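Enquirer: Handing over target23.txt, compact mmCIF, C-alpha atoms.
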```txt
# COMPACT_ATOMS: atom_id res chain seq x y z
CA MET A 1 21.95 -6.68 -17.09
CA GLU A 2 22.00 -7.95 -13.50
CA ARG A 3 24.99 -6.37 -11.80
CA LEU A 4 25.23 -8.60 -8.73
CA VAL A 5 26.13 -12.09 -9.88
CA GLU A 6 28.19 -14.99 -8.59
CA GLY A 7 31.82 -13.93 -8.43
CA TYR A 8 31.14 -10.19 -7.99
CA ARG A 9 33.69 -8.56 -5.62
CA LEU A 10 33.00 -5.89 -3.02
CA GLY A 11 35.62 -3.97 -1.09
CA ASP A 12 38.29 -5.91 -2.95
CA ARG A 13 37.82 -8.80 -0.51
CA TYR A 14 34.20 -10.09 -0.42
CA VAL A 15 33.26 -12.45 -3.27
CA LEU A 16 29.55 -13.19 -3.76
CA GLU A 17 28.59 -16.84 -4.13
CA GLU A 18 24.79 -17.23 -3.91
CA ARG A 19 21.76 -15.07 -3.18
CA ILE A 20 20.12 -16.58 -0.08
CA ALA A 21 17.44 -14.06 0.92
CA SER A 22 15.58 -10.97 -0.26
CA GLY A 23 13.82 -8.30 1.78
CA GLY A 24 12.11 -4.97 1.31
CA MET A 25 15.26 -2.93 0.81
CA ALA A 26 18.12 -5.42 0.46
CA ASP A 27 19.30 -8.80 -0.75
CA VAL A 28 21.50 -11.16 1.27
CA TRP A 29 24.24 -13.19 -0.39
CA ARG A 30 26.44 -15.98 0.85
CA GLY A 31 29.99 -14.89 0.21
CA VAL A 32 33.65 -15.41 1.05
CA ASP A 33 35.95 -12.99 2.83
CA GLU A 34 39.17 -13.65 0.91
CA VAL A 35 41.30 -11.80 3.48
CA LEU A 36 40.21 -13.83 6.53
CA GLN A 37 39.28 -16.93 4.51
CA ARG A 38 35.82 -17.42 5.96
CA GLN A 39 32.26 -17.53 4.71
CA VAL A 40 30.11 -14.50 5.45
CA ALA A 41 26.66 -13.12 4.72
CA VAL A 42 26.69 -9.93 2.66
CA LYS A 43 23.59 -7.76 2.84
CA ILE A 44 23.42 -5.38 -0.13
CA MET A 45 21.01 -2.47 -0.41
CA ARG A 46 18.73 -2.85 -3.41
CA ALA A 47 18.95 0.04 -5.89
CA ASP A 48 16.13 2.57 -5.50
CA PRO A 49 17.13 5.98 -6.93
CA ALA A 50 14.03 7.67 -5.52
CA ASN A 51 14.92 6.70 -1.94
CA GLU A 52 18.62 6.00 -2.17
CA GLU A 53 19.77 8.45 0.52
CA LEU A 54 17.02 7.42 2.96
CA PHE A 55 17.81 3.72 2.55
CA ARG A 56 21.55 4.35 2.75
CA SER A 57 21.04 6.24 6.03
CA ARG A 58 19.05 3.31 7.44
CA PHE A 59 21.74 0.91 6.25
CA ARG A 60 24.43 2.92 8.03
CA ASP A 61 22.26 2.94 11.14
CA GLU A 62 21.87 -0.84 10.98
CA ALA A 63 25.64 -1.21 10.78
CA LEU A 64 26.20 1.12 13.74
CA HIS A 65 23.45 -0.43 15.87
CA SER A 66 24.39 -4.03 15.15
CA ALA A 67 28.14 -3.54 15.57
CA GLN A 68 27.72 -2.51 19.21
CA LEU A 69 25.52 -5.51 20.09
CA LEU A 70 27.96 -8.30 20.84
CA HIS A 71 26.13 -11.38 22.06
CA ASN A 72 25.72 -15.03 21.12
CA ASN A 73 22.00 -14.48 20.38
CA ILE A 74 22.57 -11.56 18.00
CA THR A 75 24.00 -11.90 14.50
CA ALA A 76 27.51 -10.42 14.51
CA VAL A 77 28.38 -7.60 12.11
CA PHE A 78 31.91 -7.61 10.68
CA ASP A 79 32.08 -4.73 8.21
CA TYR A 80 30.20 -2.01 6.32
CA GLY A 81 31.05 -0.38 3.02
CA GLU A 82 29.87 1.86 0.19
CA GLU A 83 31.18 1.31 -3.29
CA ASP A 84 30.00 2.62 -6.67
CA HIS A 85 26.43 3.39 -5.41
CA LEU A 86 26.27 0.07 -3.53
CA SER A 87 25.95 -0.04 0.25
CA TYR A 88 26.67 -3.37 1.91
CA LEU A 89 26.83 -4.94 5.34
CA VAL A 90 29.04 -7.97 6.07
CA MET A 91 27.70 -10.27 8.77
CA GLU A 92 28.11 -13.64 10.39
CA LEU A 93 26.73 -16.39 8.17
CA VAL A 94 24.24 -18.28 10.33
CA PRO A 95 23.53 -21.90 9.33
CA GLY A 96 19.95 -23.00 9.62
CA LEU A 97 16.60 -21.42 8.82
CA PRO A 98 14.61 -18.31 9.71
CA LEU A 99 11.80 -18.99 12.16
CA SER A 100 9.29 -17.95 9.48
CA ALA A 101 10.33 -20.91 7.32
CA VAL A 102 10.10 -23.32 10.26
CA ILE A 103 6.56 -22.18 11.11
CA ARG A 104 5.54 -22.43 7.46
CA ASP A 105 6.90 -25.95 7.13
CA THR A 106 5.91 -27.43 10.49
CA GLY A 107 2.84 -25.48 11.66
CA PRO A 108 2.28 -25.34 15.45
CA MET A 109 5.48 -25.92 17.38
CA ASP A 110 6.18 -27.80 20.59
CA PRO A 111 5.73 -25.55 23.67
CA GLU A 112 9.19 -26.41 25.01
CA GLN A 113 10.79 -25.40 21.73
CA VAL A 114 8.77 -22.18 21.79
CA ARG A 115 9.91 -21.51 25.35
CA SER A 116 13.57 -21.91 24.36
CA ILE A 117 13.35 -19.77 21.23
CA ILE A 118 11.40 -16.94 22.82
CA GLY A 119 13.63 -17.02 25.90
CA GLN A 120 16.77 -16.63 23.80
CA ALA A 121 15.16 -13.89 21.70
CA ALA A 122 14.26 -12.08 24.92
CA VAL A 123 17.89 -12.23 26.01
CA ALA A 124 18.91 -10.71 22.66
CA LEU A 125 16.36 -7.92 23.08
CA GLY A 126 17.65 -7.32 26.59
CA VAL A 127 21.15 -6.77 25.17
CA ALA A 128 19.78 -4.33 22.58
CA HIS A 129 17.69 -2.44 25.12
CA GLU A 130 20.65 -2.25 27.52
CA ALA A 131 22.54 -0.58 24.64
CA ARG A 132 19.52 1.75 24.30
CA VAL A 133 18.53 0.35 20.90
CA VAL A 134 14.91 -0.54 20.07
CA HIS A 135 14.63 -3.17 17.29
CA ARG A 136 11.14 -2.09 16.05
CA ASP A 137 10.71 -5.05 13.68
CA VAL A 138 10.73 -8.27 15.72
CA LYS A 139 9.16 -11.01 13.56
CA PRO A 140 9.84 -14.65 12.61
CA ALA A 141 11.84 -13.70 9.52
CA ASN A 142 14.30 -11.84 11.74
CA ILE A 143 14.84 -14.74 14.14
CA LEU A 144 17.32 -17.32 12.83
CA LEU A 145 17.50 -20.87 14.21
CA ARG A 146 20.77 -22.75 14.11
CA PRO A 147 20.68 -26.56 13.94
CA ASP A 148 22.12 -26.75 17.47
CA GLY A 149 19.17 -24.76 18.86
CA VAL A 150 20.90 -21.40 19.24
CA VAL A 151 18.71 -18.42 18.29
CA LYS A 152 20.08 -15.38 16.46
CA LEU A 153 18.18 -12.08 16.32
CA THR A 154 19.02 -10.18 13.14
CA ASP A 155 18.04 -7.25 10.91
CA PHE A 156 18.25 -4.01 12.86
CA GLY A 157 17.44 -2.14 9.63
CA ILE A 158 14.80 0.12 11.17
CA ALA A 159 16.11 0.01 14.73
CA ARG A 160 16.59 3.32 16.43
CA ALA A 161 19.31 4.40 18.81
CA LEU A 162 17.89 6.68 21.45
CA ASP A 163 20.36 9.47 20.83
CA ALA A 164 19.80 9.51 17.05
CA SER A 165 17.02 10.90 14.93
CA GLY A 166 15.01 8.38 12.93
CA HIS A 167 15.11 8.25 9.15
CA THR A 168 11.46 8.18 8.14
CA ARG A 169 9.18 9.62 5.51
CA VAL A 170 6.07 11.59 6.38
CA GLY A 171 3.20 9.23 7.13
CA GLU A 172 5.42 6.15 7.14
CA MET A 173 4.60 3.42 9.66
CA LEU A 174 7.71 1.42 10.46
CA GLY A 175 7.44 -2.22 11.41
CA THR A 176 5.53 -5.16 10.00
CA PRO A 177 1.72 -4.88 10.49
CA ASN A 178 1.30 -8.48 11.65
CA TYR A 179 3.68 -7.87 14.59
CA ILE A 180 3.30 -4.16 15.27
CA SER A 181 2.40 -3.03 18.78
CA PRO A 182 -0.84 -1.12 19.49
CA GLU A 183 1.11 2.03 20.33
CA GLN A 184 3.04 1.90 17.07
CA ALA A 185 -0.21 1.31 15.17
CA MET A 186 -1.55 4.48 16.77
CA GLY A 187 1.46 6.47 15.59
CA GLU A 188 3.30 6.58 18.91
CA LYS A 189 7.03 5.98 19.27
CA ALA A 190 8.25 2.43 19.72
CA THR A 191 9.90 1.50 23.00
CA GLY A 192 11.46 -1.65 24.37
CA ALA A 193 7.94 -2.64 25.45
CA SER A 194 6.92 -2.55 21.79
CA ASP A 195 9.59 -5.14 21.01
CA LEU A 196 8.23 -7.30 23.83
CA TYR A 197 4.71 -7.11 22.38
CA ALA A 198 6.01 -8.23 18.97
CA LEU A 199 7.80 -11.10 20.68
CA GLY A 200 4.48 -12.14 22.20
CA VAL A 201 2.85 -12.14 18.76
CA VAL A 202 5.68 -14.33 17.46
CA ALA A 203 5.25 -16.75 20.38
CA HIS A 204 1.49 -16.98 19.77
CA GLU A 205 2.09 -17.72 16.08
CA MET A 206 4.62 -20.43 16.91
CA LEU A 207 2.12 -22.19 19.16
CA SER A 208 -0.91 -21.83 16.88
CA GLY A 209 0.76 -21.95 13.46
CA GLU A 210 -1.17 -18.84 12.41
CA ARG A 211 -0.67 -15.09 12.73
CA PRO A 212 -3.08 -14.01 15.47
CA PHE A 213 -3.92 -10.54 14.12
CA ASP A 214 -3.81 -11.06 10.35
CA ARG A 215 -6.87 -9.36 8.83
CA GLY A 216 -5.85 -9.34 5.16
CA THR A 217 -4.76 -5.72 4.77
CA PRO A 218 -2.09 -3.68 6.60
CA ILE A 219 -4.58 -1.15 7.98
CA ALA A 220 -7.11 -3.76 9.16
CA THR A 221 -4.31 -5.80 10.72
CA ALA A 222 -2.87 -2.78 12.52
CA MET A 223 -6.31 -1.85 13.84
CA SER A 224 -6.84 -5.38 15.15
CA HIS A 225 -3.77 -4.97 17.37
CA ILE A 226 -5.45 -1.93 18.91
CA ASN A 227 -8.97 -3.28 19.32
CA GLU A 228 -8.97 -7.08 19.37
CA SER A 229 -7.75 -9.83 21.65
CA PRO A 230 -5.66 -12.66 20.18
CA PRO A 231 -7.39 -16.01 19.56
CA PRO A 232 -7.24 -18.38 22.55
CA LEU A 233 -4.33 -20.80 22.57
CA SER A 234 -4.76 -24.55 22.58
CA ASP A 235 -5.43 -26.27 25.91
CA ASP A 236 -2.17 -28.21 25.59
CA VAL A 237 -0.11 -25.01 26.03
CA PRO A 238 1.31 -25.04 29.59
CA GLU A 239 -0.33 -22.48 31.85
CA GLU A 240 2.97 -20.78 32.75
CA LEU A 241 3.84 -20.23 29.08
CA ARG A 242 0.30 -19.05 28.33
CA GLN A 243 0.57 -16.45 31.11
CA VAL A 244 3.85 -15.10 29.77
CA ILE A 245 2.38 -14.67 26.28
CA GLU A 246 -0.77 -13.04 27.63
CA ALA A 247 1.39 -10.59 29.57
CA LEU A 248 3.47 -9.76 26.49
CA LEU A 249 0.28 -9.10 24.49
CA GLU A 250 -1.19 -6.57 26.91
CA LYS A 251 -2.44 -3.57 24.94
CA LYS A 252 -0.88 -0.97 27.24
CA PRO A 253 2.95 -0.94 27.36
CA GLY A 254 2.97 -0.40 31.11
CA ASP A 255 0.96 -3.59 31.67
CA ARG A 256 3.56 -5.77 29.94
CA PRO A 257 6.56 -7.32 31.73
CA ALA A 258 8.95 -4.65 32.92
CA ASN A 259 11.84 -5.62 30.68
CA ALA A 260 13.26 -8.31 28.40
CA ARG A 261 15.34 -9.70 31.23
CA ALA A 262 12.19 -10.38 33.24
CA VAL A 263 10.66 -12.20 30.26
CA ALA A 264 13.73 -14.41 29.89
CA LEU A 265 13.61 -15.30 33.59
CA MET A 266 9.89 -16.12 33.35
CA LEU A 267 10.71 -18.50 30.51
CA GLY A 268 13.33 -20.33 32.54
CA VAL A 269 16.52 -18.80 31.15
CA ASN A 270 19.33 -19.36 33.63
CA ASP A 271 20.07 -16.20 35.61
CA THR A 272 23.80 -16.58 34.89
CA GLU A 273 23.06 -16.09 31.18
CA LEU A 274 21.54 -12.71 31.98
CA SER A 275 24.52 -11.19 33.76
CA GLY A 276 25.08 -7.60 32.72
CA LEU A 277 21.49 -6.93 31.72
CA ALA A 278 20.04 -4.07 33.76
CA GLU A 279 16.49 -4.22 35.01
CA GLY A 280 15.44 -0.86 33.60
CA LEU A 281 11.81 -0.61 32.56
CA ALA A 282 11.26 -1.47 28.90
CA THR A 283 8.83 1.45 28.59
CA SER A 284 11.72 3.74 29.50
CA VAL A 285 13.80 2.57 26.56
CA SER A 286 12.53 5.35 24.37
CA GLU A 287 13.40 8.94 25.15
CA GLU A 288 15.12 8.61 28.53
CA TYR A 289 16.70 5.43 29.82
CA VAL A 290 16.00 4.71 33.47
CA ASP A 291 18.07 2.12 35.33
CA ASP A 292 15.18 1.06 37.52
CA GLN A 293 15.48 -1.91 39.86
CA ARG A 294 11.78 -2.44 40.49
CA THR A 295 10.21 -5.85 40.06
CA PRO A 296 8.25 -6.60 36.87
CA VAL A 297 4.94 -4.84 36.42
CA THR A 298 3.30 -8.20 35.79
CA GLU A 299 4.12 -10.94 38.28
CA ILE A 300 4.16 -14.30 36.51
CA PRO A 301 5.51 -17.65 37.74
CA THR A 302 8.60 -18.80 35.90
CA VAL A 303 8.44 -21.83 33.62
CA ALA A 304 11.50 -23.35 35.30
CA SER A 305 11.93 -22.30 38.89
CA THR A 306 14.57 -24.66 40.28
CA PRO A 307 18.14 -25.51 39.15
CA GLU A 308 17.05 -29.10 38.47
CA GLU A 309 14.28 -27.92 36.13
CA LEU A 310 16.66 -25.58 34.30
CA LEU A 311 18.90 -28.53 33.50
CA ASP A 312 16.10 -30.71 32.08
```
I'd like the structure from this file rewritten - as structure tokens, please.

Expert:
Amino acid sequence: MERLVEGYRLGDRYVLEERIASGGMADVWRGVDEVLQRQVAVKIMRADPANEELFRSRFRDEALHSAQLLHNNITAVFDYGEEDHLSYLVMELVPGLPLSAVIRDTGPMDPEQVRSIIGQAAVALGVAHEARVVHRDVKPANILLRPDGVVKLTDFGIARALDASGHTRVGEMLGTPNYISPEQAMGEKATGASDLYALGVVAHEMLSGERPFDRGTPIATAMSHINESPPPLSDDVPEELRQVIEALLEKKPGDRPANARAVALMLGVNDTELSGLAEGLATSVSEEYVDDQRTPVTEIPTVASTPEELLD
């Protein structure tokens, strides 16, 4: 019999209402926090006796990583609990759709909308990297779009804090093959630059309506990230935006923009929205964090370079 049903209570305060999403290791329910009288999203780890401790460790990590990332472009985490072999994460309920659903329903997106979404996602990654957390699974399904245009980065389920050991199985490749960086595909550790590469893949897909490196199987797709260039973008993509995406998709991490903050600036995000984000190199967000004030590795003109343009 299905255990999790409408009306099920967790932590003697969270009442499940409707299952709204399913992923590889968890389901997400719309629920109500009866103590604070507000709607929430409750992410519940799916039962898997063979890997229960591994998944529970990742779930705890997601709670710890997400709880320290307080920003408007990151889904807020409210609570974490374990109860009768169930692990659950209570989060902000974001109205709207995941970017994956928008791409599926609309196909190629308007360049200005792409610029806004990728710029906000870059800000979110900058916050994570400043906290020394690498997301490691940036993809459309983990980018939520509110009706008012605000972007929310979510699902830090396989993120890694730099002072914590990862929870992996031997031979396991973490990340989604369609968005994995060349260095991850080659078995190297993910860095902040790996998140930036994945963001470039997402941007390319938004503009073209198709995944640029999809080769039908996980191995073939991963290899294409290492060996192949992405398909050319349409001529109607503005040159400044095209240059940003090309820079994000550089095969070598050191050839990509220096950090997420630089990417956001290139895309026209107002500098005041980036206050507090250090300019450390994204490639350094791995083993040792370096607060480096150098200019970006790749010099690219910004999409909006004047205050008047930023207001348009």

Enquirer: Can you work out which one of A:Pro111, A:Pro182, A:Ser208, A:Thr75 has the shortest atom-to-atom distance to Ser229 (chain A), counting all atoms listed in the file?

Expert: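 Among the listed residues, the smallest separation from Ser229 (chain A) belongs to A:Pro182.
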
Enquirer: If I take CA of Pro253 (chain A) and CA of Leu265 (chain A), how far is one from the other in Å, to one decimal?

Expert: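 Taking CA of Pro253 (chain A) and CA of Leu265 (chain A), their separation equals 18.9 Å.
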
Enquirer: Which residue gives the smallest distance to Pro218 (chain A) among A:Val94, A:Ala185, A:Val42, A:Ala21, with all atoms listed in the file counted?

Expert: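 Distance minimum relative to Pro218 (chain A) lands on A:Ala185.
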
Enquirer: I need the residue nearest Leu267 (chain A) from this list: A:Glu210, A:Val114, A:Leu125, A:Gly192. Use all atoms listed in the file for the distance.

Expert: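 Looking at the shortest contact to Leu267 (chain A), the residue is A:Val114.
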
Enquirer: CA of Gly280 (chain A) and CA of Thr176 (chain A), how far apart in Å?

Expert: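 Rounded to one decimal, the two atoms are 26.0 Å apart.
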
Enquirer: For Ala260 (chain A), work out the shell of residues within 7 Å, counting only C-alpha atoms and skipping chain neighbours fewer than 2 positions away, then give it as a short mmCIF file (atom, residue, chain, number, x, y, z; two decimals) with C-alpha atoms, in the frame of the given file.

Expert:
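Printed below is around-v3.cif as written:
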```
data_model
loop_
_atom_site.label_atom_id
_atom_site.label_comp_id
_atom_site.auth_asym_id
_atom_site.auth_seq_id
_atom_site.Cartn_x
_atom_site.Cartn_y
_atom_site.Cartn_z
CA ALA A 122 14.26 -12.08 24.92
CA VAL A 123 17.89 -12.23 26.01
CA LEU A 125 16.36 -7.92 23.08
CA GLY A 126 17.65 -7.32 26.59
CA LEU A 196 8.23 -7.30 23.83
CA ALA A 262 12.19 -10.38 33.24
CA VAL A 263 10.66 -12.20 30.26
CA ALA A 264 13.73 -14.41 29.89
#
```

Enquirer: Write out as a PDB file with C-alpha atoms, keeping the file's coordinate frame each polymer residue whose atoms come within 9 Å of Lys139 (chain A), counting all atoms listed in the file; drop sequence neighbours fewer than 2 positions from it.

Expert:
```
ATOM      1  CA  LEU A  99      11.800 -18.990  12.160  1.00  0.00           C
ATOM      2  CA  SER A 100       9.290 -17.950   9.480  1.00  0.00           C
ATOM      3  CA  ASP A 137      10.710  -5.050  13.680  1.00  0.00           C
ATOM      4  CA  ALA A 141      11.840 -13.700   9.520  1.00  0.00           C
ATOM      5  CA  ASN A 142      14.300 -11.840  11.740  1.00  0.00           C
ATOM      6  CA  ILE A 143      14.840 -14.740  14.140  1.00  0.00           C
ATOM      7  CA  THR A 176       5.530  -5.160  10.000  1.00  0.00           C
ATOM      8  CA  ASN A 178       1.300  -8.480  11.650  1.00  0.00           C
ATOM      9  CA  TYR A 179       3.680  -7.870  14.590  1.00  0.00           C
ATOM     10  CA  ALA A 198       6.010  -8.230  18.970  1.00  0.00           C
ATOM     11  CA  LEU A 199       7.800 -11.100  20.680  1.00  0.00           C
ATOM     12  CA  VAL A 201       2.850 -12.140  18.760  1.00  0.00           C
ATOM     13  CA  VAL A 202       5.680 -14.330  17.460  1.00  0.00           C
TER      14      VAL A 202
END
```

Enquirer: Fewer than 4 positions away in the same chain doesn't count, so skip those; otherwise give me all residues within 12 Å of Gly11 (chain A), counting only C-alpha atoms, as a list in words.

Expert: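 In the requested form, the answer reads Val15, Leu16, Val32, Asp33, Glu34, Val35, Val42, Asp79, Tyr80, Gly81, Glu82, Glu83, Asp84, Leu86, Ser87, Tyr88, Leu89 and Val90 of chain A.
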
Enquirer: Counting all atoms listed in the file, which of A:Ser116, A:Thr106, A:Leu64, A:Ala76 gets nearest to Asn270 (chain A)?

Expert: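 Of all the options, A:Ser116 lies closest to Asn270 (chain A).
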
Enquirer: Would you please work out which residue, of A:Gln113, A:Thr272, A:Thr191, A:Gln243, is nearest to Asn259 (chain A) when using all atoms listed in the file?

Expert: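 Ranking A:Gln113, A:Thr272, A:Thr191, A:Gln243 by distance to Asn259 (chain A), first place goes to A:Thr191.
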
Enquirer: Report the distance between CA of Gly119 (chain A) and CA of Pro232 (chain A) in Å, rounded to one decimal place.

Expert: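 Distance reported for this atom pair: 21.2 Å.
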
Enquirer: Taking all atoms listed in the file into account, which of A:Gln120, A:Ser181, A:Asn72, A:Ser66 comes nearest Met223 (chain A)?

Expert: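 Smallest distance to Met223 (chain A) is found for A:Ser181.
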
Enquirer: Give the padded box for region 213-226 of chain A as JSON: axis-aligned, covering all atoms listed in the file, 6 Å on each side, centre and edge lengths in Å to one decimal.

Expert:
```
{"center_x": -4.6, "center_y": -6.1, "center_z": 11.8, "size_x": 17.0, "size_y": 21.9, "size_z": 26.1}
```

Enquirer: Excluding Gly254 (chain A) and any residue of its chain fewer than 2 positions from it, enumerate the residues within 12 Å of it, using only C-alpha atoms, and give them as a list in words.

Expert: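 The residues that qualify are Glu183, Thr191, Gly192, Ala193, Ser194, Leu196, Tyr197, Ala247, Leu248, Leu249, Glu250, Lys251, Lys252, Arg256, Pro257, Ala258, Asn259, Leu281, Ala282, Thr283, Ser284, Pro296, Val297 and Thr298 of chain A.
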
Enquirer: Using all atoms listed in the file, which protein or nucleic acid residues come within 12 Å of Thr154 (chain A)? Drop anything in the same chain fewer than 2 positions from it, and give the result as an NGL selection string.

Expert: :A and (41 or 43 or 62-63 or 65-67 or 69-77 or 91-94 or 98-99 or 121 or 124-125 or 128 or 135-145 or 151-152 or 156-159)
